[in-house]
Amino acid sequence: MLQFHPMFWVYLPIVLLSIIVLGFIVTTMIATHLLGPKQDTRHKSEAFECGIESIGDARIPFSVKHFLIAILFVLFDVEIVFLYPWAVNFRALGWKGFIEVILFTGMVSIGIFYLIRHRVFDFEND
């Protein structure tokens with residue numbers, strides 16, 4: 001009789017679910033490839049968005065400042081998320097934790113003031 005290690009039974013549901021998920025993914029990919037339409041027409045290759053016909057060239061010059069604002073938003077958003085664990089444990093961290101958060105907030109503020117001073121958020125000069 002085949003003997004399994006006791007830890008095998010703990011991980012068996014995870015392994016079975018992984019096999020089922022991978023099997024579903026592979027089956028779906030193969031089915032869509034075999035059953036899907038294979039005609040490539042000019043109309044099918046055109047860009048389509050929200051039911052509006054595309055007009056003109058999609059390669060219009062776009063200000064880099066919009067991308068910069070998006071990147072800065074993500075950067076500062078992630079930094080501010082680090083304040084959540086401090087807010088949850090602020091009593092347990094004591095004065096040391098308070099001083100560290102003041103330093104952290106100060107560094108984030110210095111970064112924001114640097115961006116304001118260098119007119120990163122000024123869109124009038126595009």
# chains A, B, ... in the order shown; residues from 1 in each chain; ligands from 1
>>> residues_around(residues="region 61-70 of chain A", least_positions_apart="6", cutoff="12 Å", atoms="only C-alpha atoms", output="list in words")
Phe76, Asp77, Ile112, Leu115, Ile116, Arg119, Val120, Phe121, Asp122, Phe123, Glu124, Asn125 and Asp126 of chain A
>>> write_last_selection(atoms="N, CA and C atoms", output="PDB file, in the first residue's frame")
ATOM      1  N   PHE A  76       3.498  58.833  -4.638  1.00  0.00           N
ATOM      2  CA  PHE A  76       3.094  59.395  -3.358  1.00  0.00           C
ATOM      3  C   PHE A  76       1.953  58.612  -2.731  1.00  0.00           C
ATOM      4  N   ASP A  77       1.113  58.006  -3.542  1.00  0.00           N
ATOM      5  CA  ASP A  77       0.036  57.176  -3.016  1.00  0.00           C
ATOM      6  C   ASP A  77       0.610  55.979  -2.276  1.00  0.00           C
ATOM      7  N   ILE A 112       7.252  66.735  -2.212  1.00  0.00           N
ATOM      8  CA  ILE A 112       6.137  67.473  -2.828  1.00  0.00           C
ATOM      9  C   ILE A 112       6.524  68.930  -3.044  1.00  0.00           C
ATOM     10  N   LEU A 115       8.736  69.323  -6.023  1.00  0.00           N
ATOM     11  CA  LEU A 115       7.985  69.266  -7.282  1.00  0.00           C
ATOM     12  C   LEU A 115       7.230  70.564  -7.537  1.00  0.00           C
ATOM     13  N   ILE A 116       6.681  71.146  -6.484  1.00  0.00           N
ATOM     14  CA  ILE A 116       5.962  72.417  -6.642  1.00  0.00           C
ATOM     15  C   ILE A 116       6.937  73.525  -7.036  1.00  0.00           C
ATOM     16  N   ARG A 119       7.897  73.569 -10.614  1.00  0.00           N
ATOM     17  CA  ARG A 119       6.713  73.751 -11.457  1.00  0.00           C
ATOM     18  C   ARG A 119       6.316  72.498 -12.237  1.00  0.00           C
ATOM     19  N   VAL A 120       6.388  71.360 -11.587  1.00  0.00           N
ATOM     20  CA  VAL A 120       5.995  70.117 -12.247  1.00  0.00           C
ATOM     21  C   VAL A 120       4.494  70.102 -12.487  1.00  0.00           C
ATOM     22  N   PHE A 121       3.724  70.723 -11.588  1.00  0.00           N
ATOM     23  CA  PHE A 121       2.278  70.702 -11.701  1.00  0.00           C
ATOM     24  C   PHE A 121       1.724  71.865 -12.509  1.00  0.00           C
ATOM     25  N   ASP A 122       2.585  72.669 -13.126  1.00  0.00           N
ATOM     26  CA  ASP A 122       2.167  73.828 -13.907  1.00  0.00           C
ATOM     27  C   ASP A 122       1.941  73.406 -15.361  1.00  0.00           C
ATOM     28  N   PHE A 123       0.689  73.403 -15.782  1.00  0.00           N
ATOM     29  CA  PHE A 123       0.341  72.959 -17.132  1.00  0.00           C
ATOM     30  C   PHE A 123       0.188  74.117 -18.113  1.00  0.00           C
ATOM     31  N   GLU A 124       0.376  75.328 -17.678  1.00  0.00           N
ATOM     32  CA  GLU A 124       0.187  76.459 -18.565  1.00  0.00           C
ATOM     33  C   GLU A 124       1.310  76.604 -19.575  1.00  0.00           C
ATOM     34  N   ASN A 125       2.480  76.039 -19.298  1.00  0.00           N
ATOM     35  CA  ASN A 125       3.653  76.192 -20.176  1.00  0.00           C
ATOM     36  C   ASN A 125       3.836  75.012 -21.130  1.00  0.00           C
ATOM     37  N   ASP A 126       2.786  74.256 -21.416  1.00  0.00           N
ATOM     38  CA  ASP A 126       2.920  73.074 -22.293  1.00  0.00           C
ATOM     39  C   ASP A 126       3.336  73.446 -23.669  1.00  0.00           C
TER      40      ASP A 126
END
>>> residues_around(residues="Thr105 (chain A)", least_positions_apart="4", cutoff="9 Å", atoms="only C-alpha atoms", output="list in words")
Ile80, Leu83, Glu100, Val101, Ser109 and Ile110 of chain A
>>> write_last_selection(atoms="N, CA and C atoms", output="PDB file, in the first residue's frame")
ATOM      1  N   ILE A  80       2.167  57.104   1.035  1.00  0.00           N
ATOM      2  CA  ILE A  80       1.178  57.413   2.060  1.00  0.00           C
ATOM      3  C   ILE A  80       0.548  56.138   2.615  1.00  0.00           C
ATOM      4  N   LEU A  83       1.670  54.875   5.945  1.00  0.00           N
ATOM      5  CA  LEU A  83       1.181  55.479   7.184  1.00  0.00           C
ATOM      6  C   LEU A  83       0.094  54.632   7.846  1.00  0.00           C
ATOM      7  N   GLU A 100       9.632  58.644  13.983  1.00  0.00           N
ATOM      8  CA  GLU A 100       9.885  58.067  12.655  1.00  0.00           C
ATOM      9  C   GLU A 100       8.829  58.509  11.646  1.00  0.00           C
ATOM     10  N   VAL A 101       7.564  58.567  12.062  1.00  0.00           N
ATOM     11  CA  VAL A 101       6.504  59.000  11.147  1.00  0.00           C
ATOM     12  C   VAL A 101       6.643  60.484  10.839  1.00  0.00           C
ATOM     13  N   SER A 109       6.922  65.408   2.363  1.00  0.00           N
ATOM     14  CA  SER A 109       6.597  66.826   2.158  1.00  0.00           C
ATOM     15  C   SER A 109       7.707  67.544   1.399  1.00  0.00           C
ATOM     16  N   ILE A 110       8.954  67.238   1.717  1.00  0.00           N
ATOM     17  CA  ILE A 110      10.075  67.837   0.988  1.00  0.00           C
ATOM     18  C   ILE A 110       9.987  67.468  -0.494  1.00  0.00           C
TER      19      ILE A 110
END
>>> atom_distance(atom1="CA of Phe73 (chain A)", atom2="CA of Arg117 (chain A)")
17.0 Å
>>> atom_distance(atom1="CA of Gly23 (chain A)", atom2="CA of Phe8 (chain A)")
21.2 Å
